[in-house]
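Trainee: What follows is the file coords-v9.txt, containing compact mmCIF, C-alpha atoms and all ligand atoms:
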# COMPACT_ATOMS: atom_id res chain seq x y z
CA MET A 25 20.63 31.75 -12.48
CA PRO A 26 16.83 31.78 -12.92
CA ALA A 27 14.71 31.32 -9.81
CA ASP A 28 11.14 30.14 -9.39
CA VAL A 29 8.39 32.35 -7.98
CA ARG A 30 9.47 31.49 -4.42
CA GLY A 31 13.14 32.19 -5.09
CA LEU A 32 14.46 28.64 -5.52
CA PRO A 33 17.16 28.39 -8.22
CA ILE A 34 15.89 26.42 -11.20
CA THR A 35 17.63 25.21 -14.33
CA VAL A 36 15.56 26.34 -17.29
CA ALA A 37 16.36 27.60 -20.78
CA ASN A 38 13.89 30.46 -21.09
CA GLU A 39 11.23 32.51 -19.37
CA GLU A 40 8.38 30.98 -21.37
CA ALA A 41 9.21 27.46 -20.10
CA LEU A 42 9.52 28.68 -16.52
CA SER A 43 6.26 30.64 -16.42
CA THR A 44 4.40 27.73 -18.03
CA TYR A 45 5.91 25.33 -15.47
CA GLU A 46 4.81 27.65 -12.63
CA ARG A 47 1.26 27.47 -13.95
CA ALA A 48 1.53 23.68 -14.10
CA VAL A 49 2.63 23.57 -10.44
CA SER A 50 -0.32 25.76 -9.41
CA GLY A 51 -2.59 23.55 -11.51
CA TYR A 52 -1.14 20.45 -9.81
CA LEU A 53 -1.83 21.95 -6.38
CA ALA A 54 -5.37 22.99 -7.35
CA GLN A 55 -6.25 19.77 -9.22
CA LYS A 56 -6.71 21.59 -12.54
CA PRO A 57 -7.24 19.52 -15.70
CA ASP A 58 -4.57 21.27 -17.75
CA ALA A 59 -1.57 20.64 -15.46
CA MET A 60 -0.17 17.87 -17.66
CA ASP A 61 -0.73 19.86 -20.88
CA LEU A 62 1.10 22.80 -19.33
CA LEU A 63 4.03 20.54 -18.44
CA ASP A 64 4.16 19.37 -22.05
CA GLU A 65 4.09 23.01 -23.18
CA ALA A 66 6.92 23.86 -20.80
CA LEU A 67 8.89 20.90 -22.14
CA ALA A 68 8.26 22.00 -25.73
CA ALA A 69 9.78 25.36 -24.79
CA ASP A 70 12.71 23.64 -23.02
CA PRO A 71 13.11 19.92 -23.76
CA GLU A 72 15.79 19.61 -21.06
CA PHE A 73 13.72 21.12 -18.26
CA VAL A 74 14.55 18.85 -15.30
CA MET A 75 11.76 19.87 -12.93
CA ALA A 76 9.10 19.62 -15.65
CA HIS A 77 10.27 16.08 -16.50
CA CYS A 78 10.25 15.16 -12.79
CA LEU A 79 6.76 16.49 -12.12
CA LYS A 80 5.49 14.68 -15.20
CA ALA A 81 7.01 11.41 -13.96
CA TYR A 82 5.52 11.90 -10.50
CA MET A 83 2.05 12.67 -11.84
CA LEU A 84 2.06 9.68 -14.17
CA LYS A 85 3.16 7.35 -11.37
CA MET A 86 0.62 8.67 -8.88
CA ALA A 87 -2.26 7.76 -11.22
CA TYR A 88 -1.70 4.14 -10.08
CA ASP A 89 -2.22 2.71 -13.55
CA PRO A 90 0.59 0.52 -14.95
CA ALA A 91 -0.37 1.74 -18.44
CA PHE A 92 1.27 5.07 -17.58
CA LEU A 93 4.53 3.55 -16.34
CA PRO A 94 6.38 3.48 -19.70
CA ALA A 95 5.74 7.22 -20.15
CA ALA A 96 6.79 7.82 -16.52
CA ARG A 97 10.05 5.93 -17.18
CA ASP A 98 10.70 8.06 -20.28
CA SER A 99 10.28 11.20 -18.16
CA VAL A 100 12.66 9.84 -15.52
CA LYS A 101 15.23 9.06 -18.21
CA ALA A 102 14.97 12.59 -19.62
CA ALA A 103 15.14 14.11 -16.13
CA THR A 104 18.20 12.07 -15.18
CA LYS A 105 20.02 13.07 -18.35
CA ALA A 106 19.18 16.76 -17.97
CA ALA A 107 19.98 16.76 -14.24
CA ALA A 108 23.68 16.07 -14.76
CA GLY A 109 24.62 19.75 -14.67
CA ALA A 110 21.67 20.95 -12.62
CA THR A 111 21.24 22.01 -8.98
CA ASP A 112 21.33 19.76 -5.92
CA ARG A 113 17.54 19.96 -5.57
CA GLU A 114 16.96 19.03 -9.20
CA ARG A 115 19.39 16.11 -9.09
CA ARG A 116 17.69 14.82 -5.95
CA HIS A 117 14.27 15.08 -7.61
CA ALA A 118 15.48 13.12 -10.64
CA ALA A 119 16.76 10.40 -8.30
CA ALA A 120 13.55 10.41 -6.23
CA ALA A 121 11.39 10.18 -9.37
CA ASN A 122 13.41 7.16 -10.45
CA LEU A 123 12.92 5.46 -7.07
CA MET A 124 9.22 6.18 -7.13
CA VAL A 125 8.62 4.92 -10.65
CA GLU A 126 10.60 1.77 -9.83
CA GLN A 127 8.25 1.21 -6.85
CA ARG A 128 11.00 1.70 -4.25
CA THR A 129 8.52 3.73 -2.23
CA ALA A 130 10.24 3.82 1.15
CA GLU A 131 13.48 5.08 -0.38
CA ALA A 132 11.60 7.56 -2.57
CA LEU A 133 9.82 8.96 0.46
CA GLN A 134 13.05 9.32 2.36
CA ALA A 135 14.45 11.29 -0.57
CA LEU A 136 11.37 13.51 -0.84
CA ASP A 137 11.27 14.16 2.91
CA GLY A 138 14.92 15.17 2.68
CA ILE A 139 14.20 17.63 -0.14
CA ALA A 140 11.33 19.09 1.90
CA ILE A 141 13.72 19.74 4.80
CA ASP A 142 16.45 21.34 2.69
CA TYR A 143 14.09 23.21 0.33
CA PRO A 144 10.94 23.91 2.37
CA THR A 145 9.50 26.34 -0.21
CA ASP A 146 9.49 23.67 -2.92
CA LEU A 147 5.69 23.70 -3.02
CA MET A 148 5.29 20.91 -5.57
CA ASN A 149 7.44 18.71 -3.36
CA LEU A 150 5.31 19.39 -0.26
CA LYS A 151 2.16 18.38 -2.13
CA LEU A 152 3.78 15.31 -3.63
CA THR A 153 5.38 14.16 -0.39
CA GLN A 154 2.16 14.51 1.56
CA PHE A 155 0.35 12.50 -1.11
CA CYS A 156 2.98 9.77 -0.95
CA HIS A 157 2.60 9.61 2.85
CA PHE A 158 -1.16 9.42 2.26
CA TRP A 159 -0.68 6.26 0.21
CA ARG A 160 1.39 4.74 3.02
CA GLY A 161 -1.29 5.56 5.60
CA ASP A 162 1.20 7.75 7.44
CA ALA A 163 -1.06 10.43 8.91
CA ALA A 164 1.63 11.83 11.21
CA ASN A 165 3.94 12.56 8.31
CA MET A 166 1.10 13.95 6.21
CA ARG A 167 0.85 16.64 8.87
CA ASP A 168 4.50 16.90 9.77
CA VAL A 169 5.99 17.21 6.30
CA VAL A 170 4.09 20.51 6.10
CA GLY A 171 4.75 21.47 9.70
CA ARG A 172 8.50 21.09 9.18
CA ALA A 173 8.37 23.56 6.26
CA LEU A 174 6.28 26.30 7.86
CA HIS A 175 9.28 28.28 9.16
CA ALA A 176 10.08 29.23 5.54
CA TRP A 177 6.56 30.45 4.73
CA ASP A 178 4.47 33.50 5.56
CA GLN A 179 1.36 34.91 4.00
CA ASP A 180 3.37 36.90 1.47
CA THR A 181 5.03 33.79 0.03
CA PRO A 182 3.29 32.87 -3.25
CA GLY A 183 1.23 29.74 -2.72
CA TYR A 184 0.92 30.15 1.05
CA GLY A 185 -2.79 29.27 0.90
CA PHE A 186 -1.98 25.91 -0.68
CA VAL A 187 0.34 25.14 2.23
CA LEU A 188 -2.51 25.78 4.65
CA GLY A 189 -4.68 23.44 2.57
CA LEU A 190 -2.06 20.70 2.85
CA LEU A 191 -1.70 21.31 6.57
CA SER A 192 -5.46 21.11 7.04
CA PHE A 193 -5.60 17.63 5.48
CA GLY A 194 -2.64 16.56 7.59
CA PHE A 195 -4.45 17.69 10.73
CA GLU A 196 -7.65 15.94 9.63
CA GLU A 197 -6.10 12.56 8.93
CA GLY A 198 -4.19 12.95 12.20
CA GLY A 199 -7.50 13.38 14.05
CA ASP A 200 -7.13 17.06 15.00
CA TYR A 201 -10.45 18.17 13.57
CA VAL A 202 -10.56 21.60 15.24
CA ALA A 203 -7.23 22.65 13.75
CA ALA A 204 -8.09 21.05 10.41
CA GLU A 205 -11.29 23.01 10.03
CA ARG A 206 -9.76 26.32 11.18
CA VAL A 207 -6.76 26.08 8.86
CA GLY A 208 -8.77 24.65 5.97
CA ARG A 209 -11.36 27.42 6.05
CA GLU A 210 -8.57 30.00 6.17
CA ALA A 211 -7.00 28.41 3.08
CA VAL A 212 -10.27 28.49 1.15
CA GLU A 213 -10.80 32.13 2.12
CA LEU A 214 -7.36 32.96 0.74
CA ASN A 215 -7.94 30.91 -2.39
CA PRO A 216 -11.44 29.62 -3.22
CA GLU A 217 -9.87 27.38 -5.89
CA ASP A 218 -7.90 25.40 -3.32
CA SER A 219 -9.95 22.25 -3.69
CA TRP A 220 -7.54 20.26 -1.48
CA ALA A 221 -8.46 22.59 1.40
CA VAL A 222 -12.16 22.30 0.54
CA HIS A 223 -11.66 18.55 0.62
CA ALA A 224 -9.85 18.63 3.97
CA VAL A 225 -12.75 20.52 5.57
CA ALA A 226 -15.22 18.11 3.93
CA HIS A 227 -13.33 15.21 5.55
CA THR A 228 -13.40 16.93 8.93
CA ILE A 229 -17.15 17.42 8.70
CA GLU A 230 -17.58 13.77 7.64
CA MET A 231 -15.56 12.52 10.60
CA GLU A 232 -17.65 14.62 12.97
CA GLY A 233 -20.90 13.33 11.48
CA ARG A 234 -22.16 16.83 10.57
CA HIS A 235 -23.87 15.83 7.34
CA VAL A 236 -26.06 18.90 6.82
CA ASP A 237 -23.00 21.15 7.30
CA GLY A 238 -21.13 19.03 4.80
CA ILE A 239 -23.75 19.37 2.06
CA ASP A 240 -23.80 23.12 2.66
CA TRP A 241 -19.98 23.36 2.59
CA LEU A 242 -19.60 21.57 -0.73
CA LYS A 243 -22.50 23.35 -2.41
CA ARG A 244 -21.18 26.72 -1.27
CA THR A 245 -17.59 26.11 -2.37
CA GLU A 246 -18.49 24.31 -5.63
CA PRO A 247 -17.85 27.32 -7.92
CA GLY A 248 -14.19 27.16 -6.84
CA TRP A 249 -13.69 23.50 -7.81
CA LEU A 250 -16.21 22.96 -10.58
CA GLU A 251 -13.41 23.27 -13.16
CA ASN A 252 -11.22 20.69 -11.38
CA ASN A 253 -9.92 17.56 -13.05
CA ASN A 254 -11.46 14.26 -11.92
CA PHE A 255 -10.93 15.35 -8.31
CA ARG A 256 -14.34 17.04 -8.55
CA PHE A 257 -15.90 13.56 -8.83
CA HIS A 258 -14.35 12.75 -5.47
CA LEU A 259 -15.77 15.90 -3.89
CA TRP A 260 -19.24 14.93 -5.14
CA TRP A 261 -18.57 11.47 -3.74
CA HIS A 262 -18.08 13.12 -0.35
CA GLN A 263 -21.34 14.99 -0.81
CA SER A 264 -23.09 11.71 -1.60
CA LEU A 265 -21.88 10.23 1.71
CA TYR A 266 -23.56 13.03 3.63
CA HIS A 267 -26.81 12.43 1.74
CA LEU A 268 -26.53 8.69 2.34
CA GLU A 269 -26.26 9.19 6.09
CA GLN A 270 -29.33 11.44 5.88
CA ASP A 271 -31.18 8.67 4.00
CA GLU A 272 -31.55 11.01 1.02
CA ILE A 273 -31.14 8.22 -1.50
CA ASP A 274 -32.59 10.12 -4.48
CA GLU A 275 -29.86 12.73 -4.03
CA VAL A 276 -27.25 9.97 -3.80
CA PHE A 277 -28.36 8.43 -7.10
CA ASP A 278 -28.60 11.83 -8.77
CA LEU A 279 -25.03 12.66 -7.77
CA TYR A 280 -23.87 9.20 -8.79
CA ASP A 281 -25.47 9.30 -12.24
CA THR A 282 -24.74 12.90 -13.18
CA ARG A 283 -21.51 13.65 -11.34
CA ILE A 284 -19.57 10.82 -9.67
CA ARG A 285 -19.87 8.38 -12.59
CA GLY A 286 -21.43 10.76 -15.11
CA ASP A 287 -18.34 10.50 -17.31
CA LYS A 288 -17.62 6.80 -16.65
CA THR A 289 -13.88 7.43 -16.64
CA ASP A 290 -11.22 4.76 -16.29
CA PHE A 291 -9.01 6.31 -13.59
CA ALA A 292 -8.45 4.11 -10.54
CA THR A 293 -9.56 6.82 -8.16
CA ASP A 294 -12.80 7.43 -10.10
CA ILE A 295 -13.66 3.72 -10.22
CA ALA A 296 -13.01 3.56 -6.47
CA ASN A 297 -15.47 6.42 -5.83
CA GLY A 298 -18.15 4.50 -7.71
CA SER A 299 -17.47 1.07 -6.19
CA ALA A 300 -17.23 2.33 -2.64
CA LEU A 301 -20.52 4.20 -2.92
CA LEU A 302 -22.43 1.32 -4.54
CA TRP A 303 -21.03 -1.11 -1.94
CA ARG A 304 -22.30 1.16 0.84
CA LEU A 305 -25.75 1.09 -0.79
CA TYR A 306 -25.53 -2.69 -1.16
CA LEU A 307 -24.77 -3.01 2.58
CA ARG A 308 -28.02 -1.14 3.20
CA ASP A 309 -29.96 -3.46 0.89
CA ILE A 310 -30.69 -0.61 -1.53
CA ASN A 311 -31.23 -1.70 -5.12
CA VAL A 312 -28.74 0.11 -7.36
CA GLY A 313 -30.13 -1.17 -10.66
CA ASP A 314 -27.55 -1.84 -13.36
CA ARG A 315 -25.00 0.69 -12.10
CA TRP A 316 -22.39 -1.94 -11.23
CA GLY A 317 -22.08 -3.10 -14.85
CA GLU A 318 -19.60 -0.58 -16.24
CA LEU A 319 -17.56 -0.65 -13.01
CA GLY A 320 -17.29 -4.43 -13.25
CA GLU A 321 -16.02 -4.17 -16.82
CA ARG A 322 -13.42 -1.61 -15.87
CA ALA A 323 -12.35 -3.52 -12.76
CA GLU A 324 -11.89 -6.67 -14.86
CA ALA A 325 -9.62 -4.77 -17.24
CA HIS A 326 -7.53 -3.71 -14.21
CA ALA A 327 -7.55 -7.09 -12.43
CA ARG A 328 -3.88 -7.76 -13.15
CA ASP A 329 -2.70 -4.24 -12.22
CA ALA A 330 -1.79 -4.97 -8.59
CA ALA A 331 -0.80 -1.33 -8.43
CA ASN A 332 -2.14 -0.49 -4.99
CA SER A 333 -4.07 -2.46 -2.38
CA PHE A 334 -6.60 0.30 -1.80
CA PHE A 335 -7.67 0.38 -5.44
CA ASN A 336 -7.55 -3.39 -5.69
CA THR A 337 -10.02 -3.80 -2.83
CA ASN A 338 -12.34 -1.36 -4.57
CA TYR A 339 -11.99 -3.25 -7.85
CA MET A 340 -12.88 -6.41 -5.92
CA MET A 341 -16.26 -4.95 -4.94
CA ALA A 342 -17.16 -4.32 -8.58
CA LEU A 343 -15.98 -7.78 -9.64
CA LEU A 344 -18.06 -9.47 -6.94
CA ALA A 345 -21.17 -7.39 -7.61
CA THR A 346 -21.06 -8.32 -11.30
CA ASP A 347 -20.35 -12.02 -10.59
CA ARG A 348 -16.95 -11.94 -12.24
CA SER A 349 -15.58 -14.72 -10.06
CA GLU A 350 -12.76 -15.60 -12.45
CA ALA A 351 -11.55 -12.01 -12.59
CA ALA A 352 -11.84 -11.81 -8.79
CA GLU A 353 -9.53 -14.83 -8.53
CA ILE A 354 -7.09 -13.24 -11.00
CA LEU A 355 -7.09 -10.04 -8.93
CA LEU A 356 -6.44 -11.96 -5.70
CA THR A 357 -3.62 -13.93 -7.29
CA ALA A 358 -2.07 -10.71 -8.63
CA MET A 359 -2.30 -9.17 -5.17
CA ARG A 360 -0.76 -12.21 -3.45
CA GLU A 361 2.09 -12.20 -5.94
CA GLU A 362 2.41 -8.43 -5.89
CA SER A 363 5.98 -7.42 -6.36
CA VAL A 364 5.64 -4.23 -4.34
CA ARG A 365 6.85 -5.88 -1.15
CA ASN A 366 10.27 -4.34 -1.05
CA ASP A 367 9.94 -2.91 2.44
CA PRO A 368 8.11 -4.12 5.58
CA ILE A 369 5.32 -1.53 5.37
CA SER A 370 4.54 -2.30 1.74
CA ALA A 371 4.49 -6.03 2.54
CA ARG A 372 2.06 -5.58 5.43
CA ALA A 373 -0.10 -3.27 3.31
CA VAL A 374 -0.40 -5.87 0.57
CA ASP A 375 -1.25 -8.63 3.08
CA ALA A 376 -3.95 -6.41 4.59
CA GLY A 377 -5.34 -5.69 1.12
CA VAL A 378 -5.51 -9.41 0.34
CA ALA A 379 -7.29 -10.14 3.63
CA VAL A 380 -9.81 -7.34 3.10
CA SER A 381 -10.48 -8.53 -0.46
CA GLU A 382 -11.01 -12.10 0.77
CA GLY A 383 -13.33 -10.69 3.44
CA LEU A 384 -15.39 -8.79 0.88
CA ARG A 385 -15.67 -11.93 -1.24
CA ALA A 386 -16.77 -14.04 1.72
CA TYR A 387 -19.32 -11.41 2.67
CA TYR A 388 -20.73 -11.24 -0.84
CA HIS A 389 -21.20 -15.01 -0.88
CA GLY A 390 -23.04 -14.92 2.44
CA ASP A 391 -20.16 -16.37 4.46
CA TYR A 392 -20.38 -13.71 7.16
CA ALA A 393 -18.29 -15.64 9.69
CA GLY A 394 -15.59 -16.03 7.05
CA ALA A 395 -15.72 -12.31 6.32
CA VAL A 396 -15.16 -11.56 10.01
CA ASP A 397 -12.28 -14.02 10.16
CA PHE A 398 -10.55 -12.34 7.23
CA MET A 399 -11.22 -8.72 8.12
CA LEU A 400 -11.06 -8.52 11.90
CA PRO A 401 -7.35 -9.38 12.29
CA VAL A 402 -6.25 -6.71 9.78
CA ARG A 403 -8.50 -3.87 10.95
CA TYR A 404 -5.59 -1.93 12.33
CA ASP A 405 -3.32 -2.70 9.38
CA GLN A 406 -5.74 -1.40 6.75
CA TYR A 407 -4.46 2.14 7.09
CA LEU A 408 -1.11 0.99 5.68
CA PHE A 409 -2.48 0.68 2.16
CA GLY A 410 -3.51 4.29 2.15
CA GLY A 411 -6.73 6.03 1.34
CA SER A 412 -8.44 8.25 3.86
CA HIS A 413 -10.32 7.27 7.00
CA ALA A 414 -13.53 8.08 5.13
CA GLN A 415 -12.56 5.88 2.18
CA ARG A 416 -11.55 2.91 4.33
CA ASP A 417 -14.74 3.20 6.36
CA VAL A 418 -16.52 1.00 3.82
CA PHE A 419 -14.44 -1.94 5.07
CA ASP A 420 -15.39 -1.20 8.65
CA GLN A 421 -19.04 -1.02 7.66
CA THR A 422 -18.73 -4.41 5.96
CA LEU A 423 -17.12 -5.89 9.07
CA VAL A 424 -19.80 -4.53 11.42
CA LEU A 425 -22.56 -6.03 9.29
CA ALA A 426 -20.65 -9.30 8.90
CA ALA A 427 -20.35 -9.52 12.68
CA ILE A 428 -24.09 -8.88 13.07
CA ARG A 429 -25.06 -11.40 10.39
CA SER A 430 -22.67 -14.11 11.55
CA GLY A 431 -24.41 -14.19 14.91
CA ARG A 432 -21.30 -13.14 16.81
CA ASP A 433 -23.43 -11.02 19.08
CA ALA A 434 -20.79 -9.81 21.52
CA LEU A 435 -18.50 -8.72 18.71
CA ALA A 436 -21.41 -7.08 16.86
CA ARG A 437 -22.39 -5.06 19.93
CA ALA A 438 -18.78 -4.09 20.53
CA LEU A 439 -18.23 -2.91 16.96
CA VAL A 440 -21.50 -0.97 16.84
CA THR A 441 -20.70 0.79 20.10
CA GLU A 442 -17.14 1.49 19.03
CA ARG A 443 -18.38 2.95 15.78
CA GLU A 444 -20.86 5.24 17.48
CA THR A 445 -18.18 6.38 19.92
CA ARG A 446 -16.22 7.61 16.90
CA HIS A 447 -19.26 9.63 15.70
CA ARG A 448 -19.83 7.17 12.88
CA GLN A 449 -23.48 6.46 12.25
CA VAL A 450 -24.85 2.93 12.38
CA PRO A 451 -28.02 2.36 10.32
CA ALA A 452 -31.05 1.66 12.52
CA ALA A 453 -31.75 -1.52 10.54
CA TRP A 454 -28.33 -2.93 11.46
CA LYS A 455 -28.84 -2.21 15.14
CA ALA A 456 -32.29 -3.81 15.05
CA GLU A 457 -30.76 -6.85 13.36
CA ALA A 458 -28.15 -6.98 16.11
CA GLY A 459 -30.94 -6.87 18.72
CA MET A 460 -29.72 -3.52 19.99
CA ALA A 461 -31.88 -0.58 21.02
CA VAL A 462 -32.51 1.85 18.18
CA ASN A 463 -32.68 5.45 19.32
FE FE B 501 -11.59 12.30 0.32
The structure in this file should be written as structure tokens.

Mentor:
Amino acid sequence: MPADVRGLPITVANEEALSTYERAVSGYLAQKPDAMDLLDEALAADPEFVMAHCLKAYMLKMAYDPAFLPAARDSVKAATKAAAGATDRERRHAAAANLMVEQRTAEALQALDGIAIDYPTDLMNLKLTQFCHFWRGDAANMRDVVGRALHAWDQDTPGYGFVLGLLSFGFEEGGDYVAAERVGREAVELNPEDSWAVHAVAHTIEMEGRHVDGIDWLKRTEPGWLENNNFRFHLWWHQSLYHLEQDEIDEVFDLYDTRIRGDKTDFATDIANGSALLWRLYLRDINVGDRWGELGERAEAHARDAANSFFNTNYMMALLATDRSEAAEILLTAMREESVRNDPISARAVDAGVAVSEGLRAYYHGDYAGAVDFMLPVRYDQYLFGGSHAQRDVFDQTLVLAAIRSGRDALARALVTERETRHRQVPAAWKAEAGMAVN
């Protein structure tokens, strides 16, 4: 029976389909733009290629855009049919893809975690499973799904560097910044095109408040990820955060206009980069000109998606900033009615997303006390709707400023101090507004 590059048996009709699929998996790991095209090529060479159908379904689902769901369902159907005579691993992937596309996330994750235990060298599965844990805010499992697989890997196993990149991000989101940076730098040395490892180190530097180091890191590694898919926009977004904290606003706008939103794409994750950066500028009373306009239009088109609370909260920012109050109400209604409540964690995540969105709306309308009342109780539930610490920080920033501006002085002082304890900068203007010493 054919085997993949790491020796796992794989049901495939010919060598051409297999080698093309292997390139698609590497492209998936390295965020390359041609991963989906390669999958289609592999499927043209073998229309009953179970793993290619599964990866296609997973990738379509993880874009968090309901427009892709019909195609994802077609892939699941094809995978399920082809999996009938396939291996245990392939049958389990077809079942997991079905659970995922049907939004039964907890069950899907259980299935994927199980595959990772029984087939620890299934590299695509490690990447996918970590990403699914990411969107559940489960930092421990982001680290541990990789940790559990390490016994099957050594530096001679093809793709070993990618595993280190995954581990690095798991360490980072779990708060172990020393290990994250060590492992992440090792991964990038092994493979300069491992943009997930570059990203993990960028997060570590962000969390430690080392902004100059961060700019240097991303500029130095850029040749390795310049040919990425839209993930490169997110890496430039990280670079813009460093510049923002350094008050280098011209650099922020330059990155925004030429890189982060240079292409004005419609992917949820790209819109979120733009909204979250402009909202940070808005919190600092920096005029962003007409940059919100296209984001508002796109957010309005997605207002009924209710695909994920993290993206919905970012859409809310763009709707508010462009005075689309009707669309904001539609988005909130869609979130409240969201059907993805089929397990306790999903339900809590949606409730937190609704509260944060209400908080953003109250803040935008100058109801700072209302913003605090919405956002404070769900601070420690926000992680459940996924996104990274760095991405969710925009909500914390909003809450700190809402506390300051609502005159809740004790809370404002507490939140400012807490933030600084975590190495997160607080703008001098906010501290002055809170009547606190500016150093
Ligand atoms: Fe990130």

Trainee: Would you mind reading off the distance between CA of Arg47 (chain A) and CA of Ser412 (chain A), one decimal, in Å?

Mentor: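 Separation between CA of Arg47 (chain A) and CA of Ser412 (chain A): 27.9 Å.
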
Trainee: Which is closest to ligand FE 501 (chain B) among A:Ala426, A:Ala224, A:Ala204, A:Leu42, if we use all atoms listed in the file?

Mentor: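 Closest residue, counting all atoms listed in the file: A:Ala224.
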
Trainee: Could you give me, as a PyMOL selection string, the residues within 9 Å of Arg113 (chain A), counting all atoms listed in the file and dropping anything in the same chain fewer than 2 positions from it?

Mentor: chain A and resi 33-34+110-111+115-118+139+142-143

Trainee: If you keep C-alpha atoms, can you produce a file of those selected residues as a PDB file, in the frame of the given file?

Mentor:
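And here is the file that came out, out-v1.pdb:
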ATOM      1  CA  PRO A  33      17.160  28.390  -8.220  1.00  0.00           C
ATOM      2  CA  ILE A  34      15.890  26.420 -11.200  1.00  0.00           C
ATOM      3  CA  ALA A 110      21.670  20.950 -12.620  1.00  0.00           C
ATOM      4  CA  THR A 111      21.240  22.010  -8.980  1.00  0.00           C
ATOM      5  CA  ARG A 115      19.390  16.110  -9.090  1.00  0.00           C
ATOM      6  CA  ARG A 116      17.690  14.820  -5.950  1.00  0.00           C
ATOM      7  CA  HIS A 117      14.270  15.080  -7.610  1.00  0.00           C
ATOM      8  CA  ALA A 118      15.480  13.120 -10.640  1.00  0.00           C
ATOM      9  CA  ILE A 139      14.200  17.630  -0.140  1.00  0.00           C
ATOM     10  CA  ASP A 142      16.450  21.340   2.690  1.00  0.00           C
ATOM     11  CA  TYR A 143      14.090  23.210   0.330  1.00  0.00           C
TER      12      TYR A 143
END

Trainee: Neighbours of Val100 (chain A) within 10 Å (only C-alpha atoms; same-chain residues fewer than 6 positions away dropped), as a PyMOL selection string?

Mentor: chain A and resi 74+77-82+94+106+117-125

Trainee: Would you mind exporting the chosen residues as a PDB file, keeping the file's coordinate frame, restricted to C-alpha atoms?

Mentor:
ATOM      1  CA  VAL A  74      14.550  18.850 -15.300  1.00  0.00           C
ATOM      2  CA  HIS A  77      10.270  16.080 -16.500  1.00  0.00           C
ATOM      3  CA  CYS A  78      10.250  15.160 -12.790  1.00  0.00           C
ATOM      4  CA  LEU A  79       6.760  16.490 -12.120  1.00  0.00           C
ATOM      5  CA  LYS A  80       5.490  14.680 -15.200  1.00  0.00           C
ATOM      6  CA  ALA A  81       7.010  11.410 -13.960  1.00  0.00           C
ATOM      7  CA  TYR A  82       5.520  11.900 -10.500  1.00  0.00           C
ATOM      8  CA  PRO A  94       6.380   3.480 -19.700  1.00  0.00           C
ATOM      9  CA  ALA A 106      19.180  16.760 -17.970  1.00  0.00           C
ATOM     10  CA  HIS A 117      14.270  15.080  -7.610  1.00  0.00           C
ATOM     11  CA  ALA A 118      15.480  13.120 -10.640  1.00  0.00           C
ATOM     12  CA  ALA A 119      16.760  10.400  -8.300  1.00  0.00           C
ATOM     13  CA  ALA A 120      13.550  10.410  -6.230  1.00  0.00           C
ATOM     14  CA  ALA A 121      11.390  10.180  -9.370  1.00  0.00           C
ATOM     15  CA  ASN A 122      13.410   7.160 -10.450  1.00  0.00           C
ATOM     16  CA  LEU A 123      12.920   5.460  -7.070  1.00  0.00           C
ATOM     17  CA  MET A 124       9.220   6.180  -7.130  1.00  0.00           C
ATOM     18  CA  VAL A 125       8.620   4.920 -10.650  1.00  0.00           C
TER      19      VAL A 125
END

Trainee: Of the candidates A:Tyr387, A:Phe195, A:Trp220, A:Trp454, which one gets nearest to ligand FE 501 (chain B) if we count only C-alpha atoms and all ligand atoms?

Mentor: A:Trp220

Trainee: List the neighbours of Gly410 (chain A) out to 9 Å using all atoms listed in the file; skip same-chain residues closer than 5 positions along the sequence, and give me the result as a PyMOL selection string.

Mentor: chain A and resi 157-162+332-334+373+416

Trainee: Enumerate residues in contact with ligand FE 501 (chain B): an atom-to-atom distance of at most 12 Å, counting all atoms listed in the file. Format the result as a tab-separated table (two decimals) with C-alpha atoms, keeping the file's coordinate frame.

Mentor:
chain	number	residue	atom	x	y	z
A	158	PHE	CA	-1.16	9.42	2.26
A	193	PHE	CA	-5.60	17.63	5.48
A	196	GLU	CA	-7.65	15.94	9.63
A	197	GLU	CA	-6.10	12.56	8.93
A	219	SER	CA	-9.95	22.25	-3.69
A	220	TRP	CA	-7.54	20.26	-1.48
A	221	ALA	CA	-8.46	22.59	1.40
A	222	VAL	CA	-12.16	22.30	0.54
A	223	HIS	CA	-11.66	18.55	0.62
A	224	ALA	CA	-9.85	18.63	3.97
A	225	VAL	CA	-12.75	20.52	5.57
A	226	ALA	CA	-15.22	18.11	3.93
A	227	HIS	CA	-13.33	15.21	5.55
A	228	THR	CA	-13.40	16.93	8.93
A	229	ILE	CA	-17.15	17.42	8.70
A	230	GLU	CA	-17.58	13.77	7.64
A	231	MET	CA	-15.56	12.52	10.60
A	255	PHE	CA	-10.93	15.35	-8.31
A	256	ARG	CA	-14.34	17.04	-8.55
A	257	PHE	CA	-15.90	13.56	-8.83
A	258	HIS	CA	-14.35	12.75	-5.47
A	259	LEU	CA	-15.77	15.90	-3.89
A	260	TRP	CA	-19.24	14.93	-5.14
A	261	TRP	CA	-18.57	11.47	-3.74
A	262	HIS	CA	-18.08	13.12	-0.35
A	263	GLN	CA	-21.34	14.99	-0.81
A	264	SER	CA	-23.09	11.71	-1.60
A	265	LEU	CA	-21.88	10.23	1.71
A	293	THR	CA	-9.56	6.82	-8.16
A	294	ASP	CA	-12.80	7.43	-10.10
A	296	ALA	CA	-13.01	3.56	-6.47
A	297	ASN	CA	-15.47	6.42	-5.83
A	300	ALA	CA	-17.23	2.33	-2.64
A	410	GLY	CA	-3.51	4.29	2.15
A	411	GLY	CA	-6.73	6.03	1.34
A	412	SER	CA	-8.44	8.25	3.86
A	413	HIS	CA	-10.32	7.27	7.00
A	414	ALA	CA	-13.53	8.08	5.13
A	415	GLN	CA	-12.56	5.88	2.18
A	416	ARG	CA	-11.55	2.91	4.33
A	417	ASP	CA	-14.74	3.20	6.36
